[in-house]
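Trainee: File run_31.pdb follows (PDB, C-alpha atoms):
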```pdb
ATOM      1  CA  MET A  12      26.785 -14.961  20.854
ATOM      2  CA  PRO A  13      24.752 -11.928  19.841
ATOM      3  CA  ASP A  14      24.687 -10.959  16.215
ATOM      4  CA  LEU A  15      26.943  -7.895  16.058
ATOM      5  CA  ILE A  16      26.878  -5.393  13.236
ATOM      6  CA  ALA A  17      30.203  -4.028  12.040
ATOM      7  CA  LYS A  18      29.939  -0.251  11.764
ATOM      8  CA  PRO A  19      32.471   2.135  10.254
ATOM      9  CA  ALA A  20      33.866   4.831  12.539
ATOM     10  CA  LEU A  21      32.460   7.578  10.325
ATOM     11  CA  GLY A  22      30.543   6.283   7.337
ATOM     12  CA  HIS A  23      31.364   9.463   5.396
ATOM     13  CA  ALA A  24      31.346   9.498   1.602
ATOM     14  CA  PRO A  25      34.760  10.202   0.045
ATOM     15  CA  LEU A  26      35.599  13.898  -0.221
ATOM     16  CA  THR A  27      37.475  15.203  -3.272
ATOM     17  CA  LEU A  28      38.952  18.715  -3.344
ATOM     18  CA  ALA A  29      41.654  19.968  -5.734
ATOM     19  CA  GLY A  30      41.897  16.494  -7.237
ATOM     20  CA  THR A  31      42.802  15.043  -3.850
ATOM     21  CA  THR A  32      40.526  12.515  -2.199
ATOM     22  CA  LEU A  33      39.980  11.844   1.498
ATOM     23  CA  THR A  34      38.399   8.472   2.245
ATOM     24  CA  GLU A  35      37.696   6.322   5.245
ATOM     25  CA  GLU A  36      39.368   2.979   4.643
ATOM     26  CA  PRO A  37      37.574  -0.282   5.428
ATOM     27  CA  GLN A  38      38.382  -1.530   8.897
ATOM     28  CA  ALA A  39      41.261  -4.001   8.800
ATOM     29  CA  ARG A  40      42.511  -6.493  11.348
ATOM     30  CA  ILE A  41      45.264  -4.744  13.318
ATOM     31  CA  THR A  42      47.449  -6.798  15.654
ATOM     32  CA  ALA A  43      50.091  -5.069  17.751
ATOM     33  CA  ILE A  44      53.204  -7.222  18.130
ATOM     34  CA  ALA A  45      55.811  -6.214  20.700
ATOM     35  CA  PRO A  46      58.593  -8.841  20.803
ATOM     36  CA  PHE A  47      59.921  -9.789  24.214
ATOM     37  CA  PRO A  48      63.499  -8.571  24.819
ATOM     38  CA  GLY A  49      65.916 -10.279  22.423
ATOM     39  CA  GLN A  50      63.125 -12.154  20.609
ATOM     40  CA  THR A  51      62.736  -9.899  17.567
ATOM     41  CA  ASP A  52      64.429 -12.335  15.162
ATOM     42  CA  ALA A  53      62.452 -15.309  16.492
ATOM     43  CA  VAL A  54      59.192 -13.382  16.059
ATOM     44  CA  ALA A  55      60.155 -12.457  12.500
ATOM     45  CA  ARG A  56      60.900 -16.116  11.665
ATOM     46  CA  ALA A  57      57.605 -17.293  13.166
ATOM     47  CA  LEU A  58      55.683 -14.673  11.182
ATOM     48  CA  GLY A  59      57.638 -15.347   7.995
ATOM     49  CA  MET A  60      58.203 -11.601   7.652
ATOM     50  CA  ALA A  61      61.157  -9.386   8.473
ATOM     51  CA  PHE A  62      60.560  -7.220  11.533
ATOM     52  CA  PRO A  63      60.511  -3.635  10.284
ATOM     53  CA  ALA A  64      63.312  -1.225  11.064
ATOM     54  CA  PRO A  65      62.196   2.144  12.484
ATOM     55  CA  GLY A  66      60.063   4.000   9.945
ATOM     56  CA  GLN A  67      59.588   1.030   7.616
ATOM     57  CA  VAL A  68      56.730  -1.125   6.371
ATOM     58  CA  VAL A  69      57.332  -4.765   5.437
ATOM     59  CA  GLU A  70      54.800  -6.286   3.013
ATOM     60  CA  SER A  71      54.296 -10.000   2.484
ATOM     61  CA  GLY A  72      51.411 -12.170   1.305
ATOM     62  CA  GLY A  73      48.785  -9.420   1.502
ATOM     63  CA  ARG A  74      49.777  -8.474   5.047
ATOM     64  CA  SER A  75      51.862  -5.541   6.143
ATOM     65  CA  LEU A  76      53.953  -5.156   9.245
ATOM     66  CA  VAL A  77      54.140  -1.466  10.108
ATOM     67  CA  TRP A  78      56.739  -0.128  12.528
ATOM     68  CA  ALA A  79      54.743   1.602  15.267
ATOM     69  CA  GLY A  80      57.295   2.576  17.893
ATOM     70  CA  ARG A  81      60.251   1.261  19.831
ATOM     71  CA  ASP A  82      60.105  -2.560  19.660
ATOM     72  CA  ILE A  83      56.519  -2.639  18.429
ATOM     73  CA  ALA A  84      54.905  -3.159  15.041
ATOM     74  CA  PHE A  85      51.329  -3.418  13.805
ATOM     75  CA  LEU A  86      50.417  -6.414  11.677
ATOM     76  CA  ILE A  87      47.691  -5.255   9.293
ATOM     77  CA  GLY A  88      45.838  -8.132   7.696
ATOM     78  CA  ASP A  89      45.113 -11.644   8.963
ATOM     79  CA  ALA A  90      46.036 -12.164  12.605
ATOM     80  CA  PRO A  91      49.054 -14.382  13.367
ATOM     81  CA  THR A  92      48.123 -18.041  13.650
ATOM     82  CA  VAL A  93      51.258 -19.169  15.514
ATOM     83  CA  ALA A  94      52.370 -18.414  19.064
ATOM     84  CA  LEU A  95      54.863 -15.569  19.158
ATOM     85  CA  ALA A  96      57.487 -14.651  21.757
ATOM     86  CA  ALA A  97      55.837 -11.268  21.968
ATOM     87  CA  SER A  98      53.044  -9.301  23.565
ATOM     88  CA  VAL A  99      50.239  -9.611  21.025
ATOM     89  CA  THR A 100      47.073  -7.521  21.219
ATOM     90  CA  ASP A 101      44.167  -7.147  18.828
ATOM     91  CA  GLN A 102      43.760  -3.407  18.272
ATOM     92  CA  SER A 103      41.454  -3.552  15.247
ATOM     93  CA  ASP A 104      38.666  -1.520  16.842
ATOM     94  CA  ALA A 105      41.004   1.037  18.445
ATOM     95  CA  TRP A 106      42.086   2.711  15.213
ATOM     96  CA  VAL A 107      40.512   4.450  12.292
ATOM     97  CA  THR A 108      42.292   4.549   8.952
ATOM     98  CA  LEU A 109      41.818   7.465   6.585
ATOM     99  CA  ALA A 110      43.453   7.760   3.184
ATOM    100  CA  LEU A 111      44.530  10.956   1.466
ATOM    101  CA  ARG A 112      45.472  10.492  -2.157
ATOM    102  CA  GLY A 113      46.168  13.082  -4.833
ATOM    103  CA  PRO A 114      48.420  15.919  -5.948
ATOM    104  CA  GLN A 115      47.612  18.175  -2.945
ATOM    105  CA  ALA A 116      48.029  15.460  -0.308
ATOM    106  CA  VAL A 117      51.495  16.627   0.756
ATOM    107  CA  ALA A 118      50.405  20.293   0.848
ATOM    108  CA  ALA A 119      47.370  19.436   3.003
ATOM    109  CA  LEU A 120      49.379  17.275   5.396
ATOM    110  CA  ALA A 121      52.022  20.016   5.692
ATOM    111  CA  ARG A 122      49.409  21.986   7.653
ATOM    112  CA  LEU A 123      48.909  19.187  10.164
ATOM    113  CA  VAL A 124      52.068  17.079  10.374
ATOM    114  CA  SER A 125      55.416  18.560  11.445
ATOM    115  CA  LEU A 126      57.437  16.490   8.967
ATOM    116  CA  ASP A 127      58.814  17.235   5.527
ATOM    117  CA  LEU A 128      56.814  14.816   3.380
ATOM    118  CA  ARG A 129      58.014  16.118   0.010
ATOM    119  CA  ARG A 130      60.588  13.396  -0.514
ATOM    120  CA  VAL A 131      58.997  10.285   0.962
ATOM    121  CA  GLN A 132      58.866   6.878  -0.685
ATOM    122  CA  ALA A 133      56.568   3.877  -0.649
ATOM    123  CA  GLY A 134      57.388   1.580   2.251
ATOM    124  CA  GLN A 135      58.024   4.361   4.739
ATOM    125  CA  CYS A 136      55.917   5.053   7.802
ATOM    126  CA  PHE A 137      56.072   7.655  10.540
ATOM    127  CA  ARG A 138      54.866   7.676  14.106
ATOM    128  CA  THR A 139      54.045  11.331  14.662
ATOM    129  CA  GLY A 140      51.139  13.679  15.309
ATOM    130  CA  LEU A 141      48.173  14.834  13.231
ATOM    131  CA  ASN A 142      47.870  18.239  14.835
ATOM    132  CA  HIS A 143      47.278  17.174  18.472
ATOM    133  CA  MET A 144      46.300  13.580  17.712
ATOM    134  CA  PRO A 145      48.569  10.555  17.578
ATOM    135  CA  LEU A 146      49.252   9.397  14.038
ATOM    136  CA  VAL A 147      50.708   6.426  12.214
ATOM    137  CA  LEU A 148      51.371   7.766   8.740
ATOM    138  CA  ILE A 149      51.899   5.116   6.058
ATOM    139  CA  VAL A 150      53.345   6.173   2.698
ATOM    140  CA  GLU A 151      51.807   4.294  -0.245
ATOM    141  CA  ASP A 152      53.456   6.552  -2.766
ATOM    142  CA  ALA A 153      54.799  10.109  -3.033
ATOM    143  CA  ASP A 154      51.249  11.554  -3.027
ATOM    144  CA  ARG A 155      49.277   8.706  -1.480
ATOM    145  CA  PHE A 156      49.070   8.310   2.293
ATOM    146  CA  ARG A 157      47.168   6.249   4.848
ATOM    147  CA  LEU A 158      46.567   7.916   8.199
ATOM    148  CA  MET A 159      45.848   5.844  11.294
ATOM    149  CA  THR A 160      44.664   7.579  14.431
ATOM    150  CA  PHE A 161      42.587   6.589  17.454
ATOM    151  CA  ARG A 162      39.059   5.634  16.439
ATOM    152  CA  SER A 163      37.638   7.799  19.235
ATOM    153  CA  MET A 164      39.152  10.793  17.412
ATOM    154  CA  ALA A 165      37.919   9.840  13.939
ATOM    155  CA  GLN A 166      35.514  12.749  13.553
ATOM    156  CA  THR A 167      38.121  15.296  14.639
ATOM    157  CA  ALA A 168      40.764  13.761  12.360
ATOM    158  CA  TRP A 169      38.407  13.885   9.384
ATOM    159  CA  HIS A 170      37.487  17.484  10.211
ATOM    160  CA  GLU A 171      41.138  18.546  10.494
ATOM    161  CA  VAL A 172      42.120  16.973   7.175
ATOM    162  CA  GLN A 173      39.002  18.332   5.444
ATOM    163  CA  ASP A 174      39.775  21.816   6.772
ATOM    164  CA  ALA A 175      43.387  21.640   5.529
ATOM    165  CA  LEU A 176      42.217  20.318   2.164
ATOM    166  CA  GLU A 177      39.638  23.122   1.780
ATOM    167  CA  LYS A 178      42.287  25.759   2.436
ATOM    168  CA  VAL A 179      44.772  24.167   0.047
ATOM    169  CA  ALA A 180      42.037  23.952  -2.608
ATOM    170  CA  ALA A 181      41.082  27.619  -2.058
ATOM    171  CA  ARG A 182      44.698  28.677  -2.473
ATOM    172  CA  ALA A 183      45.073  26.517  -5.589
ATOM    173  CA  ALA A 184      41.916  28.146  -7.055
ATOM    174  CA  LEU A 185      43.352  31.652  -6.450
ATOM    175  CA  THR A 186      46.637  30.925  -8.154
ATOM    176  CA  ALA A 187      45.186  28.822 -10.986
TER
ATOM    177  CA  MET B  12      63.823  23.426  18.693
ATOM    178  CA  ARG B  13      64.351  19.938  17.318
ATOM    179  CA  LEU B  14      65.544  16.721  18.905
ATOM    180  CA  THR B  15      67.029  13.987  16.728
ATOM    181  CA  CYS B  16      65.375  10.838  18.033
ATOM    182  CA  PRO B  17      67.691   7.826  17.525
ATOM    183  CA  PHE B  18      64.697   5.927  16.101
ATOM    184  CA  CYS B  19      62.598   8.543  14.296
ATOM    185  CA  GLY B  20      65.170  11.124  13.175
ATOM    186  CA  PRO B  21      64.869  14.893  13.642
ATOM    187  CA  ARG B  22      61.507  15.809  15.178
ATOM    188  CA  ASP B  23      59.822  18.943  16.386
ATOM    189  CA  ARG B  24      59.942  19.734  20.093
ATOM    190  CA  ARG B  25      56.145  19.462  20.443
ATOM    191  CA  GLU B  26      56.359  15.669  19.947
ATOM    192  CA  PHE B  27      58.336  15.342  23.187
ATOM    193  CA  HIS B  28      57.506  15.518  26.871
ATOM    194  CA  TYR B  29      60.148  16.847  29.276
ATOM    195  CA  TYR B  30      60.527  14.791  32.426
ATOM    196  CA  GLY B  31      63.452  16.180  34.403
ATOM    197  CA  ALA B  32      67.147  15.804  35.111
ATOM    198  CA  ALA B  33      68.922  12.634  33.978
ATOM    199  CA  ASP B  34      69.682  12.079  37.698
ATOM    200  CA  TYR B  35      66.453  10.056  37.671
ATOM    201  CA  LEU B  36      68.358   7.279  35.870
ATOM    202  CA  ASN B  37      70.504   6.669  38.953
ATOM    203  CA  ARG B  38      68.008   5.373  41.489
ATOM    204  CA  PRO B  39      69.606   4.514  44.844
ATOM    205  CA  GLY B  40      69.418   0.935  46.140
ATOM    206  CA  PRO B  41      66.782   0.036  48.714
ATOM    207  CA  GLU B  42      69.344   0.183  51.537
ATOM    208  CA  ALA B  43      70.778   3.560  50.491
ATOM    209  CA  ALA B  44      71.139   6.314  53.059
ATOM    210  CA  ALA B  45      68.479   8.989  53.380
ATOM    211  CA  SER B  46      70.936  11.523  51.960
ATOM    212  CA  ALA B  47      71.196   9.483  48.717
ATOM    213  CA  TRP B  48      67.404   9.546  48.369
ATOM    214  CA  ASP B  49      67.414  13.269  49.145
ATOM    215  CA  ASP B  50      69.908  13.813  46.300
ATOM    216  CA  TYR B  51      67.943  11.571  43.953
ATOM    217  CA  LEU B  52      64.604  13.211  44.567
ATOM    218  CA  HIS B  53      65.362  16.838  45.299
ATOM    219  CA  ASN B  54      68.903  18.111  44.825
ATOM    220  CA  ARG B  55      69.735  19.321  41.313
ATOM    221  CA  ASP B  56      72.586  21.223  39.773
ATOM    222  CA  ASN B  57      71.677  24.288  37.763
ATOM    223  CA  PRO B  58      74.633  24.452  35.382
ATOM    224  CA  ALA B  59      75.435  27.265  32.979
ATOM    225  CA  GLY B  60      76.674  24.897  30.299
ATOM    226  CA  VAL B  61      76.244  21.209  29.550
ATOM    227  CA  THR B  62      73.375  19.431  31.269
ATOM    228  CA  GLN B  63      71.503  16.165  30.736
ATOM    229  CA  ASP B  64      67.816  15.523  31.034
ATOM    230  CA  LEU B  65      65.144  12.980  30.182
ATOM    231  CA  TRP B  66      62.606  13.429  27.436
ATOM    232  CA  TYR B  67      59.815  11.098  26.366
ATOM    233  CA  HIS B  68      58.943  10.830  22.679
ATOM    234  CA  GLU B  69      55.243  10.697  23.445
ATOM    235  CA  GLN B  70      53.913  11.612  20.001
ATOM    236  CA  GLY B  71      56.414   9.338  18.307
ATOM    237  CA  CYS B  72      58.094   6.049  19.107
ATOM    238  CA  ALA B  73      57.400   6.174  22.875
ATOM    239  CA  ALA B  74      61.103   5.898  23.727
ATOM    240  CA  TRP B  75      62.720   7.552  26.732
ATOM    241  CA  LEU B  76      65.662   9.665  25.647
ATOM    242  CA  LYS B  77      68.599  11.174  27.493
ATOM    243  CA  VAL B  78      69.336  14.549  25.954
ATOM    244  CA  THR B  79      72.683  16.280  26.442
ATOM    245  CA  ARG B  80      72.378  19.987  25.822
ATOM    246  CA  ASN B  81      74.052  23.270  26.581
ATOM    247  CA  THR B  82      71.966  25.739  28.579
ATOM    248  CA  VAL B  83      74.117  28.672  27.426
ATOM    249  CA  THR B  84      74.256  28.054  23.659
ATOM    250  CA  HIS B  85      71.031  25.966  23.447
ATOM    251  CA  GLU B  86      73.014  23.447  21.426
ATOM    252  CA  ILE B  87      71.735  19.866  21.484
ATOM    253  CA  LEU B  88      74.891  17.756  21.825
ATOM    254  CA  ALA B  89      73.485  14.221  21.964
ATOM    255  CA  VAL B  90      70.204  12.325  22.108
ATOM    256  CA  ASP B  91      70.525   8.738  23.342
ATOM    257  CA  ALA B  92      67.919   6.043  23.945
ATOM    258  CA  VAL B  93      67.716   5.083  27.613
ATOM    259  CA  ALA B  94      66.585   1.467  26.995
ATOM    260  CA  GLY B  95      69.274  -0.925  25.817
ATOM    261  CA  GLY B  96      71.954   0.789  27.864
ATOM    262  CA  ALA B  97      72.879   3.219  25.082
ATOM    263  CA  ALA B  98      72.516   6.132  27.486
TER
END
```
Let's see the structure in the file written out as structure tokens.

Mentor:
Amino acid sequence: MPDLIAKPALGHAPLTLAGTTLTEEPQARITAIAPFPGQTDAVARALGMAFPAPGQVVESGGRSLVWAGRDIAFLIGDAPTVALAASVTDQSDAWVTLALRGPQAVAALARLVSLDLRRVQAGQCFRTGLNHMPLVLIVEDADRFRLMTFRSMAQTAWHEVQDALEKVAARAALTA
Amino acid sequence: MRLTCPFCGPRDRREFHYYGAADYLNRPGPEAAASAWDDYLHNRDNPAGVTQDLWYHEQGCAAWLKVTRNTVTHEILAVDAVAGGAA
């Protein structure tokens, strides 16, 4: 087995504008779990975690199970160790996770995401778009978000969020 | 225009891909007459009023949806998931 070097998708330093920080999160283990028809409850029992309802994140023992579409969820954290009545795929290297945290996070995302994020709560997630890119948006708190998009689009995603953040910061500076 | 996805809630039209008439849900059996296949593939009504078509929530939950809408008033009357027999 060759000695492989884990490399981040971007390797950018965190960017802070208007008190709001964009970071690239460390790569986590991401396992997509799509229960076979009628097996959702059995999968949840085997995992020891509730299977998330649409738009929800279930946290347990340092792992989170993020709803990622119809009958599919992403397990973020250690991979399942038991056999599951589900299609299970390791997608760790297919996604990049950015984080946007701070008072202007909602204003910046409003320029890129066609959802009203002003009244979101921890434990919510959304499958939507970041401009033209697919997005899994995880709400950590009212002004703290994790953004998962395809790793092949990492540079574009960073650029888009940076651009939105720069414009929000410029507007905030004008009205300060 | 917004569609209220039964899984994701109200979403902007740009998250969806339009496929075609809901007639595509009624595929004829393998022994069906040529006229049934002709209807299935080609012949469509063009109603001034209520119509049904298929949309795919491609930038969302990846569900196929049957949308009931009114071509005169542009009102969206119902959005049902195709899988699970709800549509």

Trainee: Mind telling me what the ChimeraX specification (/B :<6) & /A catches here, as JSON, numbers by chain?

Mentor: {"A": [65, 80, 81, 138, 139, 140, 145]}

Trainee: With C-alpha atoms retained, write the just-selected residues as a short mmCIF file (atom, residue, chain, number, x, y, z; two decimals), keeping the file's coordinate frame.

Mentor:
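Output contents, as saved in part-v6.cif:
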```cif
data_model
loop_
_atom_site.label_atom_id
_atom_site.label_comp_id
_atom_site.auth_asym_id
_atom_site.auth_seq_id
_atom_site.Cartn_x
_atom_site.Cartn_y
_atom_site.Cartn_z
CA PRO A 65 62.20 2.14 12.48
CA GLY A 80 57.30 2.58 17.89
CA ARG A 81 60.25 1.26 19.83
CA ARG A 138 54.87 7.68 14.11
CA THR A 139 54.04 11.33 14.66
CA GLY A 140 51.14 13.68 15.31
CA PRO A 145 48.57 10.56 17.58
#
```

Trainee: May I ask which of the residues A:Val117, A:Leu58, A:Cys136, A:Val147 is the closest one to Thr92 of chain A, counting all atoms listed in the file?

Mentor: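 Of A:Val117, A:Leu58, A:Cys136, A:Val147, the one nearest Thr92 of chain A is A:Leu58, counting all atoms listed in the file.
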
Trainee: Quick one: which residues end up in the PyMOL selection byres ((chain A and resi 46) around 7) for this structure, as a list in words?

Mentor: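 Applied to this file, the PyMOL selection byres ((chain A and resi 46) around 7) selects Ile44, Ala45, Phe47, Pro48, Gln50, Thr51, Val54, Asp82, Ile83, Ala96, Ala97 and Ser98 of chain A.
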
Trainee: Neighbours of Thr82 of chain B within 12 Å (all atoms listed in the file; same-chain residues fewer than 3 positions away dropped), as a list in words?

Mentor: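 Returned residues: Asn57, Pro58, Ala59, Gly60, Val61, Thr62, Gln63, Asp64, Val78, Thr79, His85, Glu86, Ile87 and Leu88 of chain B.
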
Trainee: Could you spell out the hits of the PyMOL selection byres ((chain A and resi 86) around 8) on the shown file, as a ChimeraX atom specification?

Mentor: /A:40-44,74-77,84-85,87-90

Trainee: Using only C-alpha atoms, find each residue of segment 129-158 of chain A with at least one atom at most 9 Å away from an atom of segment 165-175 of chain A; report its shortest atom-to-atom pair and that distance in Å (one decimal), sort the rows by chain and rising residue number, and return the result as JSON lines.

Mentor:
```
{"residue": "A:Leu141", "atom": "CA", "partner": "A:Ala168", "partner_atom": "CA", "distance": 7.5}
{"residue": "A:Asn142", "atom": "CA", "partner": "A:Glu171", "partner_atom": "CA", "distance": 8.0}
{"residue": "A:Met144", "atom": "CA", "partner": "A:Ala168", "partner_atom": "CA", "distance": 7.7}
```

Trainee: Mind giving me the straight-line distance from atom CA of Gly73 of chain A to atom CA of Ser103 of chain A in Å, one decimal?

Mentor: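 Computing the Euclidean distance for atom CA of Gly73 of chain A and atom CA of Ser103 of chain A yields 16.6 Å.
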
Trainee: If we count all atoms listed in the file and set the cut-off at 8 Å, which residues sit around Gln38 of chain A, ignoring sequence neighbours fewer than 4 positions away in its own chain? Please answer as a list of chain:residue names.

Mentor: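 So the residues in contact are A:Pro19, A:Ser103, A:Asp104, A:Val107, A:Thr108.
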
Trainee: For Leu14 of chain B, which residue out of B:Arg38, B:Ala45, B:His28, B:Leu52 is the nearest one, using all atoms listed in the file?

Mentor: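 Going through B:Arg38, B:Ala45, B:His28, B:Leu52 one by one, the smallest distance to Leu14 of chain B is for B:His28.
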
Trainee: Output segment 72-81 of chain B with all heavy atoms present, as a JSON list (two decimals), in the coordinates of the input.

Mentor:
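The new file part-v3.json reads:
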```json
[["chain", "number", "residue", "atom", "x", "y", "z"],
["B", 72, "CYS", "N", 57.81, 7.47, 18.91],
["B", 72, "CYS", "CA", 58.09, 6.05, 19.11],
["B", 72, "CYS", "C", 57.94, 5.60, 20.55],
["B", 72, "CYS", "O", 58.17, 4.45, 20.85],
["B", 72, "CYS", "CB", 59.50, 5.75, 18.61],
["B", 72, "CYS", "SG", 60.76, 6.66, 19.51],
["B", 73, "ALA", "N", 57.60, 6.51, 21.47],
["B", 73, "ALA", "CA", 57.40, 6.17, 22.88],
["B", 73, "ALA", "C", 58.68, 5.73, 23.56],
["B", 73, "ALA", "O", 58.65, 4.97, 24.52],
["B", 73, "ALA", "CB", 56.30, 5.12, 23.06],
["B", 74, "ALA", "N", 59.83, 6.22, 23.08],
["B", 74, "ALA", "CA", 61.10, 5.90, 23.73],
["B", 74, "ALA", "C", 61.46, 7.00, 24.72],
["B", 74, "ALA", "O", 61.16, 8.17, 24.50],
["B", 74, "ALA", "CB", 62.21, 5.77, 22.68],
["B", 75, "TRP", "N", 62.11, 6.59, 25.82],
["B", 75, "TRP", "CA", 62.72, 7.55, 26.73],
["B", 75, "TRP", "C", 64.10, 7.91, 26.21],
["B", 75, "TRP", "O", 64.87, 7.04, 25.79],
["B", 75, "TRP", "CB", 62.84, 6.96, 28.14],
["B", 75, "TRP", "CG", 61.55, 7.05, 28.88],
["B", 75, "TRP", "CD1", 60.63, 6.06, 29.04],
["B", 75, "TRP", "CD2", 61.02, 8.20, 29.55],
["B", 75, "TRP", "NE1", 59.56, 6.53, 29.78],
["B", 75, "TRP", "CE2", 59.78, 7.83, 30.10],
["B", 75, "TRP", "CE3", 61.47, 9.51, 29.74],
["B", 75, "TRP", "CZ2", 58.98, 8.72, 30.81],
["B", 75, "TRP", "CZ3", 60.68, 10.39, 30.45],
["B", 75, "TRP", "CH2", 59.45, 9.99, 30.99],
["B", 76, "LEU", "N", 64.41, 9.19, 26.23],
["B", 76, "LEU", "CA", 65.66, 9.66, 25.65],
["B", 76, "LEU", "C", 66.42, 10.49, 26.67],
["B", 76, "LEU", "O", 65.83, 11.24, 27.45],
["B", 76, "LEU", "CB", 65.37, 10.53, 24.41],
["B", 76, "LEU", "CG", 64.51, 9.86, 23.34],
["B", 76, "LEU", "CD1", 64.09, 10.88, 22.29],
["B", 76, "LEU", "CD2", 65.26, 8.72, 22.69],
["B", 77, "LYS", "N", 67.75, 10.32, 26.66],
["B", 77, "LYS", "CA", 68.60, 11.17, 27.49],
["B", 77, "LYS", "C", 69.24, 12.21, 26.58],
["B", 77, "LYS", "O", 69.99, 11.88, 25.67],
["B", 77, "LYS", "CB", 69.68, 10.36, 28.21],
["B", 77, "LYS", "CG", 70.49, 11.23, 29.18],
["B", 77, "LYS", "CD", 71.37, 10.40, 30.08],
["B", 77, "LYS", "CE", 72.67, 10.06, 29.38],
["B", 77, "LYS", "NZ", 73.64, 9.42, 30.29],
["B", 78, "VAL", "N", 68.89, 13.46, 26.82],
["B", 78, "VAL", "CA", 69.34, 14.55, 25.95],
["B", 78, "VAL", "C", 70.46, 15.31, 26.65],
["B", 78, "VAL", "O", 70.33, 15.70, 27.81],
["B", 78, "VAL", "CB", 68.15, 15.50, 25.64],
["B", 78, "VAL", "CG1", 68.63, 16.70, 24.84],
["B", 78, "VAL", "CG2", 67.07, 14.75, 24.88],
["B", 79, "THR", "N", 71.57, 15.48, 25.94],
["B", 79, "THR", "CA", 72.68, 16.28, 26.44],
["B", 79, "THR", "C", 72.64, 17.61, 25.70],
["B", 79, "THR", "O", 72.69, 17.63, 24.47],
["B", 79, "THR", "CB", 74.02, 15.56, 26.17],
["B", 79, "THR", "OG1", 73.95, 14.24, 26.69],
["B", 79, "THR", "CG2", 75.18, 16.31, 26.83],
["B", 80, "ARG", "N", 72.52, 18.69, 26.47],
["B", 80, "ARG", "CA", 72.38, 19.99, 25.82],
["B", 80, "ARG", "C", 73.14, 21.05, 26.61],
["B", 80, "ARG", "O", 73.53, 20.82, 27.75],
["B", 80, "ARG", "CB", 70.90, 20.37, 25.69],
["B", 80, "ARG", "CG", 70.23, 20.56, 27.02],
["B", 80, "ARG", "CD", 68.72, 20.68, 26.91],
["B", 80, "ARG", "NE", 68.14, 20.74, 28.24],
["B", 80, "ARG", "CZ", 67.93, 21.88, 28.91],
["B", 80, "ARG", "NH1", 68.22, 23.04, 28.37],
["B", 80, "ARG", "NH2", 67.42, 21.86, 30.13],
["B", 81, "ASN", "N", 73.32, 22.17, 25.96],
["B", 81, "ASN", "CA", 74.05, 23.27, 26.58],
["B", 81, "ASN", "C", 73.07, 24.39, 26.90],
["B", 81, "ASN", "O", 72.42, 24.93, 26.00],
["B", 81, "ASN", "CB", 75.16, 23.76, 25.63],
["B", 81, "ASN", "CG", 76.09, 24.75, 26.30],
["B", 81, "ASN", "OD1", 75.66, 25.69, 26.95],
["B", 81, "ASN", "ND2", 77.39, 24.53, 26.14]]
```
